[in-house]
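Here's model_35.txt, which has compact mmCIF, C-alpha atoms:
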# COMPACT_ATOMS: atom_id res chain seq x y z
CA MET A 256 129.83 -78.92 116.18
CA LYS A 257 127.56 -77.41 118.87
CA LYS A 258 127.75 -74.02 117.16
CA SER A 259 126.75 -75.53 113.79
CA LEU A 260 123.88 -77.41 115.41
CA HIS A 261 122.72 -74.20 117.09
CA ILE A 262 122.74 -72.34 113.76
CA CYS A 263 120.72 -75.13 112.11
CA LEU A 264 118.15 -75.06 114.90
CA VAL A 265 117.79 -71.29 114.65
CA PHE A 266 117.33 -71.54 110.88
CA LEU A 267 114.72 -74.28 111.31
CA LEU A 268 112.80 -72.20 113.85
CA MET A 269 112.89 -69.21 111.50
CA MET A 270 111.42 -71.34 108.70
CA ILE A 271 108.64 -72.59 110.96
CA TYR A 272 108.04 -69.07 112.24
CA THR A 273 107.64 -67.74 108.70
CA HIS A 274 105.52 -70.51 107.21
CA THR A 275 103.08 -70.62 110.10
CA GLY A 276 102.27 -66.99 109.46
CA ILE A 277 103.73 -65.65 112.71
CA ALA A 278 106.27 -63.54 110.86
CA GLN A 279 103.66 -62.45 108.35
CA ALA A 280 101.46 -61.15 111.16
CA THR A 281 104.12 -58.55 111.96
CA HIS A 282 104.48 -57.38 108.35
CA PRO A 283 104.77 -53.56 108.30
CA GLU A 284 101.85 -51.58 106.94
CA PRO A 285 102.67 -50.38 103.40
CA LYS A 286 103.37 -46.66 103.07
CA THR A 287 101.58 -44.65 100.39
CA LEU A 288 103.80 -43.12 97.73
CA GLU A 289 104.46 -39.43 98.39
CA ILE A 290 103.98 -36.49 96.03
CA GLY A 291 107.15 -35.88 94.01
CA ALA A 292 108.17 -39.53 94.06
CA LYS A 293 109.11 -41.41 90.91
CA ALA A 294 106.67 -44.06 89.72
CA PRO A 295 107.92 -47.53 90.74
CA ASP A 296 108.16 -49.86 87.77
CA PHE A 297 106.07 -53.03 87.57
CA ASN A 298 105.63 -56.05 85.36
CA LEU A 299 102.05 -57.29 85.55
CA LEU A 300 99.69 -59.50 83.57
CA GLY A 301 96.63 -57.87 82.08
CA VAL A 302 93.26 -59.50 81.50
CA ASP A 303 94.11 -59.41 77.79
CA GLY A 304 96.99 -61.83 78.38
CA LYS A 305 99.68 -59.19 77.80
CA MET A 306 102.40 -58.07 80.21
CA TYR A 307 102.57 -54.37 81.11
CA ASN A 308 105.24 -52.15 82.67
CA LEU A 309 105.93 -48.40 82.79
CA ASN A 310 107.49 -48.49 79.34
CA SER A 311 104.16 -49.71 77.95
CA PHE A 312 102.89 -46.15 78.41
CA ASN A 313 105.92 -44.18 77.18
CA ASN A 314 103.87 -42.33 74.58
CA SER A 315 101.49 -40.89 77.15
CA ALA A 316 102.02 -37.42 78.61
CA VAL A 317 100.12 -38.36 81.76
CA LEU A 318 99.85 -41.77 83.39
CA VAL A 319 96.98 -42.51 85.76
CA ILE A 320 97.32 -45.65 87.88
CA ILE A 321 94.24 -46.64 89.85
CA PHE A 322 94.27 -49.47 92.36
CA SER A 323 90.81 -51.02 92.29
CA CYS A 324 89.18 -54.44 92.25
CA ASN A 325 86.11 -56.50 91.42
CA HIS A 326 84.49 -57.13 94.77
CA CYS A 327 84.49 -53.78 96.59
CA PRO A 328 81.14 -51.94 96.37
CA THR A 329 82.93 -48.58 96.35
CA ALA A 330 85.17 -49.74 93.52
CA GLN A 331 82.10 -50.89 91.59
CA ALA A 332 80.41 -47.56 92.23
CA TYR A 333 83.29 -45.80 90.47
CA GLU A 334 83.70 -48.18 87.52
CA ASP A 335 81.60 -46.18 85.07
CA ARG A 336 83.35 -42.95 86.06
CA ILE A 337 86.76 -44.52 85.44
CA ILE A 338 85.53 -45.79 82.06
CA SER A 339 84.36 -42.28 81.14
CA LEU A 340 87.61 -40.78 82.39
CA THR A 341 89.62 -43.14 80.19
CA ASN A 342 87.55 -42.42 77.09
CA ASP A 343 87.47 -38.64 77.65
CA TYR A 344 91.23 -38.24 78.06
CA LYS A 345 92.58 -40.86 75.67
CA SER A 346 92.88 -38.35 72.82
CA LYS A 347 94.70 -35.91 75.14
CA GLY A 348 97.63 -38.23 75.74
CA VAL A 349 96.45 -39.61 79.06
CA ALA A 350 96.81 -43.33 79.76
CA VAL A 351 94.72 -44.98 82.47
CA VAL A 352 95.67 -48.34 83.92
CA VAL A 353 93.82 -50.15 86.71
CA ILE A 354 95.60 -52.61 88.99
CA SER A 355 93.88 -55.10 91.27
CA PRO A 356 96.09 -55.49 94.36
CA ASN A 357 94.07 -58.01 96.36
CA SER A 358 95.24 -61.44 97.45
CA ILE A 359 92.45 -63.99 97.09
CA LYS A 360 93.84 -65.81 100.14
CA ALA A 361 92.85 -62.89 102.37
CA LEU A 362 89.45 -62.28 100.74
CA ASN A 363 86.68 -64.27 102.38
CA LEU A 364 83.17 -65.06 101.15
CA ALA A 365 81.52 -62.77 103.71
CA GLU A 366 83.22 -59.82 101.99
CA LEU A 367 81.55 -60.67 98.68
CA GLY A 368 78.03 -59.67 99.71
CA TYR A 369 77.95 -56.70 97.33
CA THR A 370 79.33 -58.43 94.26
CA ASP A 371 78.91 -61.37 91.93
CA MET A 372 82.68 -61.81 91.44
CA GLY A 373 85.76 -62.14 93.58
CA ASP A 374 89.23 -60.81 92.77
CA SER A 375 90.85 -63.77 91.05
CA TYR A 376 92.51 -63.23 87.68
CA GLU A 377 89.83 -65.30 85.93
CA GLU A 378 87.07 -63.23 87.51
CA MET A 379 88.90 -60.03 86.55
CA LYS A 380 88.71 -61.16 82.92
CA LEU A 381 84.98 -61.71 83.28
CA ARG A 382 84.40 -58.29 84.87
CA ALA A 383 86.47 -56.54 82.21
CA ALA A 384 84.48 -58.22 79.45
CA ASP A 385 81.16 -57.61 81.19
CA LYS A 386 81.85 -53.88 81.65
CA GLY A 387 83.84 -53.35 78.47
CA PHE A 388 86.84 -51.85 80.24
CA PRO A 389 88.74 -49.58 77.81
CA PHE A 390 91.88 -49.60 80.01
CA PRO A 391 94.42 -52.30 80.87
CA TYR A 392 93.26 -54.20 83.95
CA LEU A 393 96.27 -55.76 85.67
CA PHE A 394 96.56 -58.46 88.33
CA ASP A 395 98.90 -57.94 91.28
CA GLY A 396 97.24 -60.38 93.67
CA GLU A 397 99.93 -63.06 93.67
CA GLN A 398 103.03 -61.27 95.00
CA GLN A 399 101.54 -57.78 95.56
CA LYS A 400 104.93 -56.19 94.82
CA THR A 401 103.41 -53.29 92.92
CA ALA A 402 100.83 -52.59 95.62
CA LEU A 403 103.57 -52.66 98.24
CA ALA A 404 105.59 -50.15 96.22
CA TYR A 405 102.67 -47.72 95.71
CA GLY A 406 100.88 -48.27 99.02
CA PRO A 407 97.19 -47.89 98.14
CA ALA A 408 95.08 -47.51 101.27
CA ALA A 409 91.75 -48.54 99.78
CA THR A 410 90.03 -49.37 96.52
CA PRO A 411 89.87 -47.25 94.49
CA HIS A 412 93.05 -45.23 95.09
CA CYS A 413 94.38 -43.01 92.29
CA PHE A 414 97.94 -41.97 91.39
CA VAL A 415 98.52 -39.35 88.65
CA PHE A 416 102.02 -39.02 87.14
CA ASP A 417 103.40 -36.41 84.74
CA LYS A 418 105.46 -37.12 81.59
CA ASN A 419 108.55 -37.73 83.75
CA ARG A 420 106.50 -40.14 85.86
CA ILE A 421 106.65 -37.93 88.93
CA LEU A 422 103.66 -38.27 91.24
CA CYS A 423 101.48 -35.14 91.11
CA TYR A 424 98.21 -36.36 92.64
CA CYS A 425 97.32 -39.15 95.05
CA GLY A 426 93.82 -39.80 96.34
CA ARG A 427 90.18 -40.27 95.42
CA VAL A 428 88.31 -40.15 92.13
CA ASP A 429 85.84 -37.72 93.68
CA GLY A 430 84.03 -37.17 96.94
CA ALA A 431 80.66 -38.67 96.01
CA GLU A 432 80.57 -42.46 96.16
CA LYS A 433 77.01 -43.12 94.97
CA PRO A 434 76.78 -43.57 91.18
CA GLY A 435 75.37 -40.50 89.48
CA THR A 436 76.38 -38.09 92.24
CA GLY A 437 79.97 -37.41 91.17
CA LYS A 438 81.84 -36.98 87.90
CA GLY A 439 85.42 -37.68 88.91
CA GLU A 440 86.05 -34.01 89.73
CA ASP A 441 89.16 -34.50 91.87
CA ILE A 442 91.09 -36.70 89.49
CA ARG A 443 89.98 -34.71 86.43
CA ASN A 444 91.17 -31.48 88.02
CA ALA A 445 94.51 -33.12 88.77
CA ILE A 446 94.90 -34.42 85.21
CA ASN A 447 93.96 -31.05 83.73
CA SER A 448 96.59 -29.35 85.87
CA VAL A 449 99.29 -31.81 84.86
CA LEU A 450 98.38 -31.43 81.18
CA ALA A 451 98.58 -27.64 81.56
CA GLY A 452 101.94 -27.86 83.32
CA THR A 453 100.64 -26.28 86.50
CA ALA A 454 100.72 -27.52 90.08
CA VAL A 455 97.78 -29.54 91.31
CA LYS A 456 95.90 -27.36 93.81
CA VAL A 457 94.96 -30.26 96.08
CA PRO A 458 97.63 -32.91 95.43
CA VAL A 459 96.57 -35.32 98.20
CA THR A 460 93.08 -36.35 99.23
CA LYS A 461 91.82 -39.07 101.51
CA VAL A 462 90.30 -42.18 100.01
CA PHE A 463 87.28 -44.25 100.96
CA GLY A 464 86.61 -47.87 100.10
CA CYS A 465 87.55 -51.43 100.97
CA SER A 466 90.97 -52.03 102.45
CA VAL A 467 93.57 -53.83 100.36
CA LYS A 468 93.53 -57.56 101.03
CA TRP A 469 97.15 -58.18 101.93
CA SER A 470 98.16 -61.84 101.76
CA TRP A 471 99.51 -61.90 105.31
CA LYS A 472 96.22 -60.68 106.76
CA ASP A 473 94.36 -63.98 106.41
CA GLU A 474 93.78 -64.83 110.08
CA TYR A 475 90.23 -63.45 110.05
CA THR A 476 89.32 -65.55 107.01
CA ALA A 477 90.57 -68.73 108.65
CA LYS A 478 88.75 -67.87 111.88
CA LEU A 479 85.50 -67.06 110.05
CA TYR A 480 85.53 -70.29 108.06
CA GLN A 481 86.13 -72.25 111.26
CA GLN A 482 83.16 -70.50 112.87
CA TRP A 483 80.99 -71.38 109.88
CA ALA A 484 82.13 -75.01 110.10
CA GLU A 485 80.99 -75.12 113.73
CA LEU A 486 77.51 -73.67 113.16
CA PRO A 487 74.66 -76.14 113.79
CA VAL A 488 73.10 -77.86 110.79
CA THR A 489 69.43 -78.73 111.19
CA LEU A 490 66.70 -80.47 109.22
CA GLU A 491 63.02 -79.91 109.89
CA ASP A 492 59.86 -81.46 108.50
CA ILE A 493 57.65 -79.32 106.28
CA ASP A 494 54.14 -79.90 104.97
CA VAL A 495 52.25 -78.63 101.93
CA GLN A 496 51.10 -75.42 103.61
CA GLY A 497 54.59 -74.74 104.91
CA ILE A 498 55.97 -74.97 101.38
CA LYS A 499 53.29 -72.65 100.04
CA ASP A 500 54.13 -70.13 102.75
CA LEU A 501 57.83 -70.28 101.85
CA VAL A 502 57.08 -69.55 98.21
CA LYS A 503 54.74 -66.69 99.10
CA ASN A 504 57.53 -65.10 101.18
CA PRO A 505 55.08 -62.66 102.78
CA SER A 506 57.02 -61.17 105.69
CA SER A 507 60.70 -62.20 105.70
CA GLY A 508 61.88 -58.97 104.09
CA LYS A 509 64.54 -61.06 102.35
CA LEU A 510 65.28 -62.29 98.87
CA ARG A 511 64.69 -66.03 99.17
CA LEU A 512 66.58 -68.72 97.24
CA ILE A 513 64.72 -72.04 97.46
CA ASN A 514 66.33 -75.23 96.21
CA ILE A 515 64.47 -78.57 95.99
CA TRP A 516 66.88 -81.48 95.86
CA ALA A 517 67.51 -85.09 96.93
CA THR A 518 70.51 -87.13 98.04
CA TRP A 519 69.98 -89.62 95.18
CA CYS A 520 69.98 -86.84 92.55
CA GLY A 521 73.42 -86.48 90.94
CA PRO A 522 72.97 -82.91 89.64
CA CYS A 523 71.55 -81.87 93.04
CA VAL A 524 74.60 -83.14 94.88
CA THR A 525 76.94 -81.64 92.29
CA GLU A 526 75.53 -78.10 92.51
CA PHE A 527 75.01 -78.06 96.28
CA PRO A 528 78.48 -76.70 97.20
CA ASP A 529 77.89 -73.71 94.88
CA LEU A 530 74.64 -72.97 96.68
CA VAL A 531 76.43 -73.04 100.04
CA ILE A 532 79.01 -70.57 98.68
CA ILE A 533 76.20 -68.28 97.50
CA ASP A 534 74.60 -68.47 100.94
CA ARG A 535 77.88 -67.51 102.62
CA MET A 536 78.36 -64.59 100.27
CA TYR A 537 74.95 -63.04 100.83
CA ARG A 538 73.76 -64.23 104.25
CA GLY A 539 74.85 -60.91 105.74
CA ARG A 540 72.46 -59.11 103.38
CA PRO A 541 68.61 -59.29 103.18
CA PHE A 542 68.93 -62.82 101.76
CA GLU A 543 68.18 -66.37 102.83
CA PHE A 544 68.89 -69.78 101.35
CA ILE A 545 66.35 -72.54 102.00
CA THR A 546 66.50 -76.17 100.92
CA ILE A 547 63.69 -78.71 100.69
CA SER A 548 64.69 -82.35 100.41
CA ALA A 549 62.48 -84.60 98.28
CA ASP A 550 63.93 -87.69 99.97
CA LYS A 551 61.60 -90.08 101.75
CA GLN A 552 61.27 -89.68 105.50
CA ALA A 553 63.08 -92.99 105.96
CA ARG A 554 66.22 -91.32 104.57
CA LYS A 555 66.06 -88.33 106.90
CA ALA A 556 69.26 -89.31 108.71
CA ASP A 557 71.12 -89.61 105.38
CA VAL A 558 69.86 -86.18 104.34
CA LEU A 559 71.06 -84.61 107.58
CA ASN A 560 74.46 -86.29 107.27
CA PHE A 561 74.87 -84.89 103.76
CA LEU A 562 73.91 -81.41 104.92
CA LYS A 563 76.41 -81.59 107.78
CA LYS A 564 79.21 -82.57 105.40
CA GLN A 565 78.30 -79.54 103.27
CA GLN A 566 78.23 -77.30 106.38
CA ALA A 567 74.78 -76.18 105.26
CA SER A 568 73.90 -74.04 108.27
CA ASN A 569 71.03 -72.41 106.41
CA LYS A 570 67.36 -73.41 106.85
CA ASN A 571 66.79 -77.00 105.65
CA TYR A 572 63.53 -78.92 105.33
CA ILE A 573 62.38 -82.39 104.28
CA PHE A 574 58.88 -83.01 102.94
CA ASN A 575 56.84 -84.91 105.51
CA LYS A 576 54.56 -86.81 103.13
CA GLU A 577 55.12 -89.86 100.95
CA ASP A 578 53.19 -88.36 98.04
CA VAL A 579 55.89 -86.29 96.30
CA TYR A 580 53.35 -84.91 93.82
CA GLN A 581 51.78 -82.89 96.63
CA MET A 582 55.16 -81.25 97.14
CA ILE A 583 55.51 -80.50 93.41
CA GLU A 584 52.12 -78.78 93.26
CA ALA A 585 52.86 -76.81 96.43
CA VAL A 586 56.16 -75.51 95.07
CA ASP A 587 55.00 -74.62 91.56
CA PRO A 588 52.08 -76.10 89.58
CA GLU A 589 54.08 -75.46 86.39
CA TRP A 590 57.05 -77.52 87.58
CA GLN A 591 57.28 -80.88 85.79
CA GLY A 592 58.93 -82.57 88.77
CA ALA A 593 62.54 -83.15 87.69
CA LEU A 594 65.29 -82.34 90.18
CA PRO A 595 66.94 -80.08 91.07
CA TYR A 596 64.45 -77.22 91.01
CA THR A 597 65.33 -73.71 92.11
CA LEU A 598 63.26 -70.60 92.79
CA VAL A 599 64.27 -67.06 93.69
CA VAL A 600 61.45 -65.15 95.37
CA GLU A 601 61.46 -61.47 96.27
CA PRO A 602 59.89 -60.22 99.52
CA GLY A 603 56.15 -60.28 98.91
CA GLY A 604 56.18 -63.35 96.69
CA LYS A 605 57.29 -62.21 93.23
CA ILE A 606 59.17 -65.09 91.61
CA ILE A 607 62.07 -63.64 89.60
CA TYR A 608 63.74 -66.95 88.73
CA LYS A 609 62.77 -70.58 88.44
CA LYS A 610 64.65 -73.40 86.81
CA GLN A 611 64.37 -77.16 86.51
CA ASP A 612 67.97 -78.44 86.32
CA MET A 613 71.26 -77.10 87.69
CA ILE A 614 71.78 -73.38 88.10
CA ASN A 615 74.62 -71.36 86.59
CA PRO A 616 76.38 -70.06 89.74
CA ALA A 617 77.80 -66.94 88.06
CA ASN A 618 74.41 -65.97 86.64
CA MET A 619 72.73 -66.65 89.97
CA LYS A 620 75.15 -64.39 91.87
CA LYS A 621 74.56 -61.59 89.38
CA LEU A 622 70.79 -62.03 89.63
CA ILE A 623 70.94 -61.84 93.42
CA VAL A 624 73.24 -58.84 93.79
CA GLU A 625 71.40 -56.82 91.15
CA ASP A 626 67.96 -57.41 92.65
CA LYS A 627 66.43 -54.28 94.17
CA SER A 628 66.19 -55.91 97.61
CA ILE A 629 69.98 -56.50 97.68
CA GLY A 630 72.01 -54.14 95.49
CA ARG A 631 75.72 -53.61 94.76
CA TYR A 632 76.24 -50.40 96.72
CA TYR A 633 76.08 -49.29 100.34
When written as structure tokens, how does the structure in this file appear?
Amino acid sequence: MKKSLHICLVFLLMMIYTHTGIAQATHPEPKTLEIGAKAPDFNLLGVDGKMYNLNSFNNSAVLVIIFSCNHCPTAQAYEDRIISLTNDYKSKGVAVVVISPNSIKALNLAELGYTDMGDSYEEMKLRAADKGFPFPYLFDGEQQKTALAYGPAATPHCFVFDKNRILCYCGRVDGAEKPGTGKGEDIRNAINSVLAGTAVKVPVTKVFGCSVKWSWKDEYTAKLYQQWAELPVTLEDIDVQGIKDLVKNPSSGKLRLINIWATWCGPCVTEFPDLVIIDRMYRGRPFEFITISADKQARKADVLNFLKKQQASNKNYIFNKEDVYQMIEAVDPEWQGALPYTLVVEPGGKIIYKKQDMINPANMKKLIVEDKSIGRYY
């Protein structure tokens, strides 16, 4: 009886140990597949809704598997080169497939400062459609079995296999990250060698890019979000001149997103969490999110309480006059006065976006990251 009880207790402790993430923290670092190894099989969902495995590419003399993703600026820098590679070699019997290995649980908002999309399957579909990917784009972010089998070190990481699916090249696309400075020389040389039946001269190269977001490496994300939750949330008064100065944006050096809202405005309250997410994505870049409440001064405590619940640790103001029309004129003489109202102002005062009504979060992220004062690349 005592022995059975002891076994049960050990089993229970093991379950607690695993589910609290303690066991996951000691997960071994995946090993990159070695030259001469056979391609591990997989069974993954593509953005087209189809399932893919090694047999899906049986008719191809060469199979190129690239581990990449949406969010990484290096991965984005190579997207057009991978598209060109796919199109250039399709008629030569070369199949290119791209696999996203990242777990969304381990990817935090602070890591999305160079992108408008994360690495979820739904966002992968959007990126594929937006870029017109000519290759299968597969999702491995749930179980990461394929990534564990291949061992990519960063995104992008390329694996080139011959007709027998033996690994002949493992490494980078090329050695020039910035778009327009490289043409995929390394991977093209490898493919050409495999097509010619000759050995690849440099079969292994180092890779550069974002690390793979392994599901068990989520401690930093949890810690970061807790730090954000503990940041002070403030609310300051602002007058007409203060508003005009915000819109002029003369010396901040930052792209400025200004949102005018009120606690009694349904659409304002509805869109506010999306604005906080946008702030957390880009606050590490030359970007700032500023809110101006159109509530009456008598409701200042209610405004601050709302902001605290939203963890809005950005710069927040409340108009200090009763005459709301003064605020409207100070923000934008062309604004009719309906809430919410949003402006995006470049350093120096150029207004590149203004809208009366709720924003489209996806469009806003794309606008921000593609502005010249921010940018997608390092």
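Proximity ranking of A:Val319, A:Ile607, A:Met379, A:Leu299 relative to Gln398 (chain A) places A:Leu299 first, based on only C-alpha atoms.
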Residue nearest Pro522 (chain A) - candidates A:Asp303, A:Glu289, A:Glu543, A:Asp612, atoms counted: only C-alpha atoms = A:Asp612
What's the 12 Å shell around Asp529 (chain A), counting all atoms listed in the file, without same-chain residues fewer than 2 positions away, as a PyMOL selection string?
-> chain A and resi 364+514+522-527+531-536+544+565+567+613-620
At what distance in Å, to one decimal, does CA of Ser355 (chain A) lie from CA of Asp429 (chain A)?
->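 So the two atoms, CA of Asp429 (chain A) and CA of Ser355 (chain A), lie 19.3 Å apart.
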Among the residues A:Leu501, A:Ala408, A:Ile337, A:Val353, the one that comes closest to Lys286 (chain A) [using all atoms listed in the file] =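 Of the candidates, the smallest distance to Lys286 (chain A) is held by A:Ala408.
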Reconstructed N, CA and C atoms for region 317-339 of chain A, given as a CSV table (one decimal), keeping the file's coordinate frame:
chain,number,residue,atom,x,y,z
A,317,VAL,N,100.6,-38.2,80.4
A,317,VAL,CA,100.1,-38.4,81.8
A,317,VAL,C,99.8,-39.8,81.9
A,318,LEU,N,100.2,-40.4,83.1
A,318,LEU,CA,99.8,-41.8,83.4
A,318,LEU,C,99.0,-41.8,84.7
A,319,VAL,N,97.9,-42.4,84.6
A,319,VAL,CA,97.0,-42.5,85.8
A,319,VAL,C,96.9,-44.0,86.1
A,320,ILE,N,97.4,-44.3,87.4
A,320,ILE,CA,97.3,-45.6,87.9
A,320,ILE,C,96.3,-45.7,89.0
A,321,ILE,N,95.3,-46.5,88.8
A,321,ILE,CA,94.2,-46.6,89.8
A,321,ILE,C,94.2,-48.1,90.4
A,322,PHE,N,94.4,-48.2,91.7
A,322,PHE,CA,94.3,-49.5,92.4
A,322,PHE,C,92.8,-49.7,92.7
A,323,SER,N,92.2,-50.7,92.1
A,323,SER,CA,90.8,-51.0,92.3
A,323,SER,C,90.6,-52.5,92.2
A,324,CYS,N,89.4,-53.0,92.2
A,324,CYS,CA,89.2,-54.4,92.2
A,324,CYS,C,87.7,-54.8,91.8
A,325,ASN,N,87.4,-56.0,91.8
A,325,ASN,CA,86.1,-56.5,91.4
A,325,ASN,C,85.1,-56.4,92.6
A,326,HIS,N,85.5,-56.8,93.8
A,326,HIS,CA,84.5,-57.1,94.8
A,326,HIS,C,84.0,-55.9,95.6
A,327,CYS,N,84.8,-54.9,95.7
A,327,CYS,CA,84.5,-53.8,96.6
A,327,CYS,C,83.3,-53.0,96.1
A,328,PRO,N,82.3,-52.7,96.9
A,328,PRO,CA,81.1,-51.9,96.4
A,328,PRO,C,81.5,-50.5,96.0
A,329,THR,N,82.5,-49.9,96.7
A,329,THR,CA,82.9,-48.6,96.4
A,329,THR,C,83.6,-48.6,95.0
A,330,ALA,N,84.5,-49.6,94.8
A,330,ALA,CA,85.2,-49.7,93.5
A,330,ALA,C,84.2,-49.9,92.4
A,331,GLN,N,83.1,-50.7,92.6
A,331,GLN,CA,82.1,-50.9,91.6
A,331,GLN,C,81.3,-49.6,91.3
A,332,ALA,N,81.1,-48.8,92.4
A,332,ALA,CA,80.4,-47.6,92.2
A,332,ALA,C,81.2,-46.6,91.3
A,333,TYR,N,82.5,-46.7,91.3
A,333,TYR,CA,83.3,-45.8,90.5
A,333,TYR,C,83.7,-46.4,89.1
A,334,GLU,N,83.3,-47.6,88.8
A,334,GLU,CA,83.7,-48.2,87.5
A,334,GLU,C,83.3,-47.4,86.3
A,335,ASP,N,82.1,-46.9,86.2
A,335,ASP,CA,81.6,-46.2,85.1
A,335,ASP,C,82.3,-44.8,85.0
A,336,ARG,N,82.6,-44.2,86.1
A,336,ARG,CA,83.4,-43.0,86.1
A,336,ARG,C,84.8,-43.1,85.6
A,337,ILE,N,85.4,-44.2,85.9
A,337,ILE,CA,86.8,-44.5,85.4
A,337,ILE,C,86.7,-44.8,83.9
A,338,ILE,N,85.7,-45.5,83.5
A,338,ILE,CA,85.5,-45.8,82.1
A,338,ILE,C,85.4,-44.5,81.3
A,339,SER,N,84.5,-43.6,81.8
A,339,SER,CA,84.4,-42.3,81.1
A,339,SER,C,85.6,-41.5,81.2
